[in-house]
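Colleague: This is input.csv (CSV, C-alpha atoms).
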```csv
chain,number,residue,atom,x,y,z
A,1,MET,CA,55.0,172.0,15.8
A,2,ARG,CA,54.6,173.1,19.4
A,3,MET,CA,56.7,176.1,20.5
A,4,ASP,CA,58.6,174.1,23.1
A,5,GLU,CA,59.5,171.4,20.6
A,6,ALA,CA,60.6,174.0,18.0
A,7,PHE,CA,62.7,175.8,20.6
A,8,LYS,CA,64.3,172.6,21.7
A,9,HIS,CA,65.2,171.8,18.1
A,10,LEU,CA,66.7,175.3,17.6
A,11,LYS,CA,68.6,175.1,20.9
A,12,HIS,CA,70.2,171.8,20.0
A,13,GLY,CA,71.4,173.4,16.7
A,14,PHE,CA,72.8,176.4,18.5
A,15,GLU,CA,74.6,174.4,21.1
A,16,SER,CA,76.1,172.1,18.5
A,17,GLY,CA,77.3,175.0,16.4
A,18,ARG,CA,74.8,174.3,13.6
A,19,LEU,CA,72.5,177.3,13.9
A,20,ALA,CA,71.0,178.1,10.5
A,21,GLN,CA,71.6,181.3,8.8
A,22,ALA,CA,68.0,182.2,8.4
A,23,TYR,CA,64.6,181.0,9.7
A,24,ILE,CA,61.1,181.5,8.5
A,25,VAL,CA,58.9,181.6,11.7
A,26,ALA,CA,55.4,180.9,10.6
A,27,GLY,CA,52.7,181.8,13.1
A,28,THR,CA,50.9,184.8,14.5
A,29,GLN,CA,53.5,187.5,14.4
A,30,ARG,CA,52.7,189.2,17.7
A,31,LEU,CA,51.9,186.0,19.6
A,32,GLU,CA,53.6,182.7,18.9
A,33,GLY,CA,56.0,184.1,16.3
A,34,GLN,CA,57.4,187.0,18.3
A,35,ALA,CA,57.5,185.0,21.6
A,36,PHE,CA,59.5,182.2,19.8
A,37,VAL,CA,62.0,184.7,18.3
A,38,GLU,CA,62.5,186.6,21.5
A,39,ARG,CA,63.3,183.3,23.3
A,40,ALA,CA,65.6,182.2,20.5
A,41,LEU,CA,67.5,185.5,20.7
A,42,GLU,CA,67.7,185.3,24.5
A,43,LEU,CA,69.4,181.9,23.9
A,44,VAL,CA,71.9,183.4,21.5
A,45,TYR,CA,72.8,186.5,23.5
A,46,CYS,CA,72.3,185.3,27.1
A,47,THR,CA,75.4,186.0,29.2
A,48,THR,CA,74.7,184.0,32.3
A,49,ALA,CA,77.4,181.5,33.4
A,50,GLU,CA,75.5,180.0,36.3
A,51,LYS,CA,72.1,178.9,34.9
A,52,GLU,CA,70.9,177.0,31.8
A,53,LYS,CA,70.5,179.5,29.0
A,54,PRO,CA,68.5,181.5,28.4
A,55,CYS,CA,68.2,182.8,31.9
A,56,GLY,CA,65.7,185.6,31.0
A,57,HIS,CA,67.1,188.0,33.6
A,58,CYS,CA,70.6,189.1,32.6
A,59,ARG,CA,71.2,192.4,30.8
A,60,ALA,CA,71.3,190.8,27.4
A,61,CYS,CA,68.0,188.9,27.9
A,62,THR,CA,66.4,192.1,29.2
A,63,GLN,CA,67.6,194.0,26.1
A,64,VAL,CA,66.2,191.3,23.9
A,65,LYS,CA,62.8,191.5,25.7
A,66,TYR,CA,62.7,195.3,25.2
A,67,HIS,CA,64.1,195.1,21.6
A,68,SER,CA,67.0,197.4,22.6
A,69,HIS,CA,70.0,195.1,22.1
A,70,PRO,CA,72.4,197.0,19.8
A,71,ASP,CA,73.3,193.9,17.8
A,72,ILE,CA,69.7,193.1,16.9
A,73,LEU,CA,67.7,195.0,14.3
A,74,TRP,CA,63.9,194.8,14.3
A,75,ILE,CA,62.3,195.7,11.0
A,76,GLU,CA,58.6,196.3,10.5
A,77,PRO,CA,56.5,197.4,7.5
A,78,GLU,CA,56.4,201.2,7.1
A,79,LYS,CA,53.1,202.8,8.1
A,80,LYS,CA,51.8,204.3,4.9
A,81,SER,CA,52.8,201.6,2.4
A,82,ARG,CA,52.6,198.7,4.8
A,83,LYS,CA,55.7,197.4,3.0
A,84,ILE,CA,59.2,196.7,4.0
A,85,SER,CA,61.2,199.1,1.8
A,86,ILE,CA,64.5,198.9,0.0
A,87,ASP,CA,65.8,201.5,2.5
A,88,GLN,CA,65.0,199.3,5.4
A,89,VAL,CA,66.8,196.4,3.7
A,90,ARG,CA,69.9,198.6,3.2
A,91,LYS,CA,69.7,199.3,7.0
A,92,ILE,CA,69.8,195.5,7.5
A,93,GLN,CA,72.9,195.2,5.3
A,94,ARG,CA,74.7,198.0,7.2
A,95,LEU,CA,74.1,196.2,10.5
A,96,ILE,CA,74.9,192.7,9.4
A,97,PHE,CA,78.2,193.6,7.7
A,98,GLN,CA,79.5,195.9,10.5
A,99,THR,CA,81.4,194.8,13.5
A,100,SER,CA,79.3,193.5,16.4
A,101,PHE,CA,79.1,195.8,19.4
A,102,PHE,CA,79.9,193.0,21.8
A,103,GLY,CA,82.0,190.8,19.5
A,104,GLY,CA,79.4,188.2,19.1
A,105,TRP,CA,76.3,187.5,17.0
A,106,LYS,CA,74.4,189.9,14.9
A,107,ALA,CA,70.7,189.3,14.2
A,108,CYS,CA,67.8,190.8,12.2
A,109,VAL,CA,64.1,190.2,12.7
A,110,LEU,CA,61.7,191.0,9.9
A,111,VAL,CA,58.2,191.3,11.4
A,112,GLY,CA,55.7,190.7,8.6
A,113,ALA,CA,58.4,189.4,6.2
A,114,ASP,CA,55.7,188.7,3.6
A,115,ARG,CA,55.4,192.5,3.2
A,116,LEU,CA,58.8,192.7,1.5
A,117,GLY,CA,58.4,194.7,-1.7
A,118,SER,CA,59.7,193.4,-5.0
A,119,GLU,CA,62.9,195.6,-5.0
A,120,ALA,CA,63.4,195.0,-1.3
A,121,SER,CA,63.0,191.2,-1.7
A,122,ASN,CA,65.7,191.1,-4.4
A,123,ALA,CA,68.1,193.1,-2.3
A,124,PHE,CA,67.4,191.0,0.8
A,125,LEU,CA,68.0,187.8,-1.2
A,126,LYS,CA,71.5,189.0,-2.0
A,127,THR,CA,72.2,189.4,1.7
A,128,LEU,CA,71.0,185.9,2.3
A,129,GLU,CA,73.2,184.5,-0.5
A,130,GLU,CA,76.5,185.7,1.1
A,131,PRO,CA,75.8,186.5,4.8
A,132,PRO,CA,78.8,187.2,7.1
A,133,GLY,CA,79.6,184.7,9.9
A,134,LYS,CA,77.8,184.7,13.2
A,135,SER,CA,74.7,186.4,11.8
A,136,VAL,CA,71.2,185.1,11.8
A,137,PHE,CA,67.9,186.2,10.3
A,138,PHE,CA,64.3,185.6,11.6
A,139,LEU,CA,61.5,186.2,9.1
A,140,LEU,CA,58.2,186.4,11.1
A,141,THR,CA,55.1,185.9,9.0
A,142,ASP,CA,51.6,184.5,9.1
A,143,SER,CA,51.6,184.3,5.3
A,144,PRO,CA,54.8,182.5,4.3
A,145,GLN,CA,53.3,181.7,0.9
A,146,PHE,CA,53.8,185.3,-0.2
A,147,LEU,CA,57.6,185.1,0.3
A,148,LEU,CA,59.8,184.7,-2.8
A,149,PRO,CA,60.6,181.0,-3.4
A,150,THR,CA,64.3,181.9,-3.7
A,151,ILE,CA,64.1,183.4,-0.2
A,152,VAL,CA,62.2,180.4,1.2
A,153,SER,CA,64.9,178.1,-0.2
A,154,ARG,CA,67.6,179.7,1.8
A,155,CYS,CA,65.7,179.5,5.1
A,156,GLN,CA,64.7,176.8,7.5
A,157,ARG,CA,61.0,176.9,8.4
A,158,ILE,CA,59.7,176.7,11.9
A,159,ASN,CA,55.9,176.5,12.2
A,160,VAL,CA,54.8,177.7,15.6
A,161,SER,CA,51.2,178.2,14.8
A,162,SER,CA,48.5,175.9,16.2
A,163,GLU,CA,44.9,175.1,15.4
A,164,ARG,CA,43.9,176.3,18.9
A,165,VAL,CA,44.0,180.1,19.0
A,166,SER,CA,46.4,181.5,21.5
A,167,LEU,CA,44.2,183.7,23.6
A,168,ALA,CA,44.3,184.1,27.4
A,169,ASP,CA,41.5,182.4,29.2
A,170,ASP,CA,40.1,185.7,30.4
A,171,TRP,CA,39.8,186.9,26.8
A,172,ARG,CA,38.3,183.6,25.6
A,173,LYS,CA,35.6,183.8,28.3
A,174,ARG,CA,34.8,187.4,27.4
A,175,ILE,CA,34.4,186.5,23.7
A,176,LEU,CA,32.2,183.6,24.6
A,177,GLY,CA,30.2,186.0,26.7
A,178,VAL,CA,29.6,187.9,23.4
A,179,LEU,CA,28.6,184.8,21.5
A,180,THR,CA,26.4,183.2,24.1
A,181,ASP,CA,24.7,186.0,26.0
A,182,ASP,CA,21.1,185.9,24.9
A,183,GLY,CA,20.4,188.6,27.6
A,184,ALA,CA,22.8,191.1,26.1
A,185,ALA,CA,19.9,193.1,24.6
A,186,ARG,CA,18.3,193.6,28.0
A,187,THR,CA,21.6,194.8,29.6
A,188,SER,CA,22.9,196.9,26.7
A,189,MET,CA,19.7,198.2,25.1
A,190,THR,CA,17.7,199.5,28.0
A,191,GLY,CA,14.3,201.1,27.2
A,192,ILE,CA,13.6,198.8,24.3
A,193,ALA,CA,10.8,196.3,24.7
A,194,CYS,CA,12.2,193.1,23.4
A,195,GLN,CA,9.6,190.5,22.4
A,196,GLN,CA,10.0,187.1,20.7
A,197,GLY,CA,10.7,187.1,17.0
A,198,ARG,CA,12.8,189.2,14.6
A,199,LEU,CA,12.9,192.3,16.7
A,200,HIS,CA,14.3,190.5,19.7
A,201,ASN,CA,16.9,188.7,17.5
A,202,ALA,CA,18.0,191.9,15.9
A,203,VAL,CA,18.3,193.8,19.1
A,204,THR,CA,20.2,190.9,20.7
A,205,ALA,CA,22.5,190.7,17.7
A,206,PHE,CA,23.4,194.5,17.7
A,207,ALA,CA,23.9,194.3,21.5
A,208,ARG,CA,26.4,191.5,21.0
A,209,ALA,CA,28.1,193.5,18.3
A,210,ASP,CA,28.3,196.5,20.7
A,211,LYS,CA,29.9,194.3,23.3
A,212,LEU,CA,32.5,193.0,20.8
A,213,VAL,CA,33.4,196.5,19.6
A,214,ARG,CA,33.9,197.7,23.2
A,215,LEU,CA,36.0,194.6,23.9
A,216,LEU,CA,38.2,195.4,20.9
A,217,LYS,CA,38.5,199.0,22.0
A,218,GLU,CA,39.9,197.7,25.3
A,219,VAL,CA,42.3,195.5,23.5
A,220,LYS,CA,43.7,198.5,21.6
A,221,GLU,CA,44.0,200.6,24.7
A,222,THR,CA,45.9,197.8,26.4
A,223,ILE,CA,48.3,197.6,23.4
A,224,GLU,CA,48.8,201.4,23.4
A,225,MET,CA,49.6,201.4,27.1
A,226,GLU,CA,52.1,198.5,26.7
A,227,GLU,CA,53.9,200.3,23.8
A,228,THR,CA,54.0,203.6,25.8
A,229,GLU,CA,55.5,201.8,28.8
A,230,MET,CA,58.1,200.0,26.6
A,231,ALA,CA,59.1,203.3,25.0
A,232,SER,CA,59.5,204.9,28.4
A,233,ALA,CA,61.5,202.0,29.7
A,234,MET,CA,63.8,202.2,26.7
A,235,ALA,CA,64.0,206.0,26.8
A,236,SER,CA,63.2,205.7,23.1
A,237,ASP,CA,63.3,208.6,20.7
A,238,GLU,CA,61.3,206.5,18.1
A,239,LYS,CA,59.1,208.5,15.8
A,240,GLU,CA,55.4,208.5,16.8
A,241,GLU,CA,54.3,207.3,13.4
A,242,ILE,CA,56.5,204.2,13.7
A,243,ARG,CA,55.0,203.4,17.2
A,244,ASP,CA,51.5,204.0,15.8
A,245,ALA,CA,52.2,201.6,13.0
A,246,ARG,CA,53.3,199.0,15.5
A,247,ILE,CA,50.3,199.5,17.7
A,248,ASN,CA,48.0,199.2,14.7
A,249,ALA,CA,49.7,196.1,13.5
A,250,ARG,CA,49.5,194.4,16.9
A,251,TYR,CA,45.9,195.3,17.2
A,252,ARG,CA,45.0,193.9,13.8
A,253,GLU,CA,46.8,190.6,14.7
A,254,VAL,CA,44.9,190.3,18.0
A,255,ARG,CA,41.7,191.0,16.2
A,256,THR,CA,42.5,188.4,13.6
A,257,SER,CA,43.1,185.9,16.4
A,258,ILE,CA,39.8,186.8,18.0
A,259,MET,CA,38.0,186.3,14.7
A,260,ARG,CA,39.7,183.0,14.2
A,261,PHE,CA,38.6,181.9,17.7
A,262,ILE,CA,35.0,182.8,16.7
A,263,LEU,CA,35.3,180.9,13.4
A,264,LEU,CA,36.7,177.8,15.2
A,265,TRP,CA,33.8,178.1,17.8
A,266,TYR,CA,31.3,177.7,15.0
A,267,ARG,CA,33.4,175.0,13.3
A,268,ASP,CA,33.2,173.0,16.5
A,269,ILE,CA,29.5,173.4,16.7
A,270,LEU,CA,29.2,172.2,13.1
A,271,LEU,CA,31.4,169.2,13.9
A,272,LEU,CA,29.2,168.2,16.8
A,273,LEU,CA,26.0,168.7,14.8
A,274,CYS,CA,27.4,166.3,12.1
A,275,GLY,CA,28.1,163.7,14.8
A,276,GLY,CA,31.8,164.2,15.0
A,277,ASP,CA,33.9,162.7,17.8
A,278,ASP,CA,34.4,164.9,20.8
A,279,ALA,CA,38.1,164.3,20.6
A,280,PHE,CA,38.2,166.5,17.5
A,281,VAL,CA,36.7,169.5,19.2
A,282,LEU,CA,39.3,172.3,19.5
A,283,ASN,CA,37.6,174.2,22.3
A,284,ASP,CA,37.0,171.1,24.3
A,285,ASP,CA,36.8,173.0,27.6
A,286,TYR,CA,33.4,174.4,26.4
A,287,LEU,CA,32.1,171.1,25.1
A,288,ASP,CA,28.9,171.0,27.1
A,289,LEU,CA,28.0,174.6,26.1
A,290,MET,CA,28.6,173.9,22.4
A,291,LYS,CA,26.4,170.8,22.6
A,292,LYS,CA,23.6,172.9,23.9
A,293,LYS,CA,24.1,175.3,21.0
A,294,THR,CA,23.4,172.4,18.5
A,295,LYS,CA,19.9,172.0,19.8
A,296,GLY,CA,17.4,173.1,17.2
A,297,LEU,CA,20.2,174.1,14.8
A,298,THR,CA,20.1,172.7,11.2
A,299,LEU,CA,23.1,171.7,9.2
A,300,ARG,CA,22.4,174.5,6.7
A,301,GLN,CA,22.4,177.1,9.6
A,302,ALA,CA,25.6,175.7,11.0
A,303,LEU,CA,27.3,176.0,7.6
A,304,ARG,CA,25.9,179.5,7.1
A,305,ASN,CA,27.4,180.6,10.5
A,306,ILE,CA,30.9,179.8,9.3
A,307,GLN,CA,30.3,181.6,6.0
A,308,VAL,CA,29.1,184.7,8.0
A,309,VAL,CA,32.2,184.8,10.2
A,310,GLU,CA,34.4,184.4,7.2
A,311,ALA,CA,32.6,187.3,5.5
A,312,MET,CA,33.0,189.5,8.5
A,313,ASN,CA,36.7,188.8,8.7
A,314,SER,CA,37.0,189.6,5.0
A,315,GLN,CA,35.2,192.9,5.4
A,316,LEU,CA,37.5,193.9,8.4
A,317,GLU,CA,40.6,193.1,6.3
A,318,ARG,CA,39.2,195.6,3.7
A,319,ASN,CA,39.1,198.2,6.5
A,320,ILE,CA,35.3,198.4,6.7
A,321,THR,CA,34.2,200.0,10.0
A,322,GLU,CA,33.9,197.4,12.8
A,323,ALA,CA,30.5,198.3,14.3
A,324,PRO,CA,28.3,197.7,11.1
A,325,VAL,CA,30.4,194.6,10.2
A,326,PHE,CA,29.6,193.0,13.5
A,327,GLY,CA,26.1,194.4,13.7
A,328,PHE,CA,24.9,193.0,10.4
A,329,GLY,CA,27.1,189.9,10.8
A,330,PHE,CA,25.6,188.9,14.1
A,331,CYS,CA,22.1,189.5,12.7
A,332,SER,CA,22.9,186.7,10.2
A,333,LEU,CA,24.1,184.2,12.8
A,334,ALA,CA,21.7,181.4,13.8
A,335,CYS,CA,23.1,181.0,17.3
```
Could you write out this structure as structure tokens?

Modeller:
Amino acid sequence: MRMDEAFKHLKHGFESGRLAQAYIVAGTQRLEGQAFVERALELVYCTTAEKEKPCGHCRACTQVKYHSHPDILWIEPEKKSRKISIDQVRKIQRLIFQTSFFGGWKACVLVGADRLGSEASNAFLKTLEEPPGKSVFFLLTDSPQFLLPTIVSRCQRINVSSERVSLADDWRKRILGVLTDDGAARTSMTGIACQQGRLHNAVTAFARADKLVRLLKEVKETIEMEETEMASAMASDEKEEIRDARINARYREVRTSIMRFILLWYRDILLLLCGGDDAFVLNDDYLDLMKKKTKGLTLRQALRNIQVVEAMNSQLERNITEAPVFGFGFCSLAC
């Protein structure tokens, strides 16, 4: 479901007094998922009387944006365990069952809800079974299949993910620059005499890998800067390890989106090579470039490319160092 359609559905429920008690928001947690939840909470808490809600500019909307509203609790997996603990669930229970600061709604957002531990899941389930009035829960997850069925049964599901990866055009162009720059070796590996054949291919592959590593480093630096600015704006006394955990989680999600974009790039090339209709190409704004990439490519090589990207992503999820993963991975790609 498109985000606008999902929000329209939720807004209708809110305005008609039929807001659900809990929602599973399935999508990329720091991209579509978080954006949807922030907009939904702005709708619930917006105080404007002059514009259509949410206005996005009143004090309540601003507090939602900076995650500083006193009636909203944001919960994320703890750094070391990467689990949402029983102590965090008890914190949820204290907020939900206490009086609202402003006499209105109380909300809780679980980022990475699939990371609820066994004990925490059971405790949270009890909260969902008998929640107080004017309270709402949002469970953000990109892996809803790992939630307890009993929790799922008490929530409405909103799927805000899409086949097309949500990356800004600038990032997409830069990633494509990594995938398609056959001259990368000459610009990044000066002093090496590149000739036709395996040596040229290997040098080009490692140069592309180096470009991707540097791009990802820039991604992480951008996230760190945003989190520092947000902490400063909120005058937050948040523990450094908690902020570090959030930075790391955001980075991993963006990296996953980048890897998914790369996977779908090679999926589109395979589709075209098999004679598929152009209408089914996801990255249709690069259709001509992908058609050029099919020249001289065999079906076996196109299938192998997808397997290589999947293997790289699997290695990254096991915390293997990025540089060798990309270096050896790109060496195995046929285009």

Colleague: Between A:Val136, A:Lys293, A:Val152, A:Ala334, which is the closest to Leu271 in chain A once you count all atoms listed in the file?

Modeller: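 Of A:Val136, A:Lys293, A:Val152, A:Ala334, the one nearest Leu271 in chain A is A:Lys293, counting all atoms listed in the file.
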
Colleague: Fewer than 5 positions away in the same chain doesn't count, so skip those; otherwise give me all residues within 8 Å of Val160 in chain A, counting all atoms listed in the file, as an NGL selection string.

Modeller: :A and (1-3 or 6 or 25-27 or 32-33 or 36)

Colleague: Which polymer residues, whether protein, DNA or RNA, lie within 10 Å of the coordinate (45.4, 190.1, 13.0) when you count only C-alpha atoms? List them as a list in words, using the chain letters and numbers from the file.

Modeller: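 Here the neighbourhood of the point contains Thr28, Gln29, Arg30, Asp142, Asn248, Ala249, Arg250, Tyr251, Arg252, Glu253, Val254, Arg255, Thr256, Ser257, Ile258, Met259, Arg260, Asn313, Leu316 and Glu317 of chain A.
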
Colleague: For a test of reading the model, state the distance in Å between CA of Gln307 in chain A and CA of Arg115 in chain A, rounded to one decimal.

Modeller: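 So the two atoms, CA of Gln307 in chain A and CA of Arg115 in chain A, lie 27.5 Å apart.
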
Colleague: For a quick check of your reading of the model, name the residues lying within 12 Å of the coordinate (24.9, 164.5, 17.1), counting all atoms listed in the file, and write them as a PyMOL selection string.

Modeller: chain A and resi 268-278+290-299

Colleague: Name the closest residue to Asp285 in chain A among the candidates A:Thr47, A:Leu176, A:Leu95, A:Ala35; distances are taken between atoms, counting all atoms listed in the file.

Modeller: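 Among the listed residues, A:Leu176 lies closest to Asp285 in chain A.
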
Colleague: Taking 3 positions as the minimum chain separation for residues in the same chain, which residues sit within 9 Å of Val109 in chain A when counting all atoms listed in the file? Answer as a ChimeraX atom specification.

Modeller: /A:37,72-76,113,136-140

Colleague: Please compute the CA of Phe7 in chain A-CA of Leu282 in chain A distance, one decimal, in Å.

Modeller: 23.7 Å

Colleague: Just to confirm, what's the straight-line distance from CA of Val178 in chain A to CA of Arg208 in chain A in Å (one decimal)?

Modeller: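 Separation between CA of Val178 in chain A and CA of Arg208 in chain A: 5.4 Å.
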
Colleague: Which residues come within 12 Å of Lys8 in chain A, counting only C-alpha atoms, excluding same-chain residues fewer than 6 positions away, as a list in words?

Modeller: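 These residues fall inside the cut-off: Met1, Arg2, Phe14, Glu15, Phe36, Arg39, Ala40, Leu43, Lys53, Pro54 and Ile158 of chain A.
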
Colleague: Name all residues at most 12 Å from Arg94 in chain A (count only C-alpha atoms; drop same-chain ones fewer than 5 positions away) and give them as an mmCIF file with C-alpha atoms, keeping the file's coordinate frame.

Modeller:
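Saved file part_3.cif follows:
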```
data_model
loop_
_atom_site.group_PDB
_atom_site.id
_atom_site.type_symbol
_atom_site.label_atom_id
_atom_site.label_comp_id
_atom_site.auth_asym_id
_atom_site.auth_seq_id
_atom_site.Cartn_x
_atom_site.Cartn_y
_atom_site.Cartn_z
ATOM 1 C CA ASP A 71 73.300 193.900 17.800
ATOM 2 C CA ILE A 72 69.700 193.100 16.900
ATOM 3 C CA LEU A 73 67.700 195.000 14.300
ATOM 4 C CA ASP A 87 65.800 201.500 2.500
ATOM 5 C CA GLN A 88 65.000 199.300 5.400
ATOM 6 C CA VAL A 89 66.800 196.400 3.700
ATOM 7 C CA THR A 99 81.400 194.800 13.500
ATOM 8 C CA SER A 100 79.300 193.500 16.400
ATOM 9 C CA LYS A 106 74.400 189.900 14.900
ATOM 10 C CA ALA A 107 70.700 189.300 14.200
ATOM 11 C CA CYS A 108 67.800 190.800 12.200
ATOM 12 C CA PHE A 124 67.400 191.000 0.800
ATOM 13 C CA THR A 127 72.200 189.400 1.700
ATOM 14 C CA PRO A 131 75.800 186.500 4.800
ATOM 15 C CA PRO A 132 78.800 187.200 7.100
#
```

Colleague: Do a neighbour search on Glu119 in chain A at 12 Å with only C-alpha atoms, toss out local chain neighbours closer than 6 positions, and write the hits as a PyMOL selection string.

Modeller: chain A and resi 83-90+125-126+148

Colleague: Take the residues from that selection and write them out as a PDB file, in the coordinates of the input, keeping C-alpha atoms.

Modeller:
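File produced: again-v4.pdb:
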```
ATOM      1  CA  LYS A  83      55.700 197.400   3.000  1.00  0.00           C
ATOM      2  CA  ILE A  84      59.200 196.700   4.000  1.00  0.00           C
ATOM      3  CA  SER A  85      61.200 199.100   1.800  1.00  0.00           C
ATOM      4  CA  ILE A  86      64.500 198.900   0.000  1.00  0.00           C
ATOM      5  CA  ASP A  87      65.800 201.500   2.500  1.00  0.00           C
ATOM      6  CA  GLN A  88      65.000 199.300   5.400  1.00  0.00           C
ATOM      7  CA  VAL A  89      66.800 196.400   3.700  1.00  0.00           C
ATOM      8  CA  ARG A  90      69.900 198.600   3.200  1.00  0.00           C
ATOM      9  CA  LEU A 125      68.000 187.800  -1.200  1.00  0.00           C
ATOM     10  CA  LYS A 126      71.500 189.000  -2.000  1.00  0.00           C
ATOM     11  CA  LEU A 148      59.800 184.700  -2.800  1.00  0.00           C
TER      12      LEU A 148
END
```
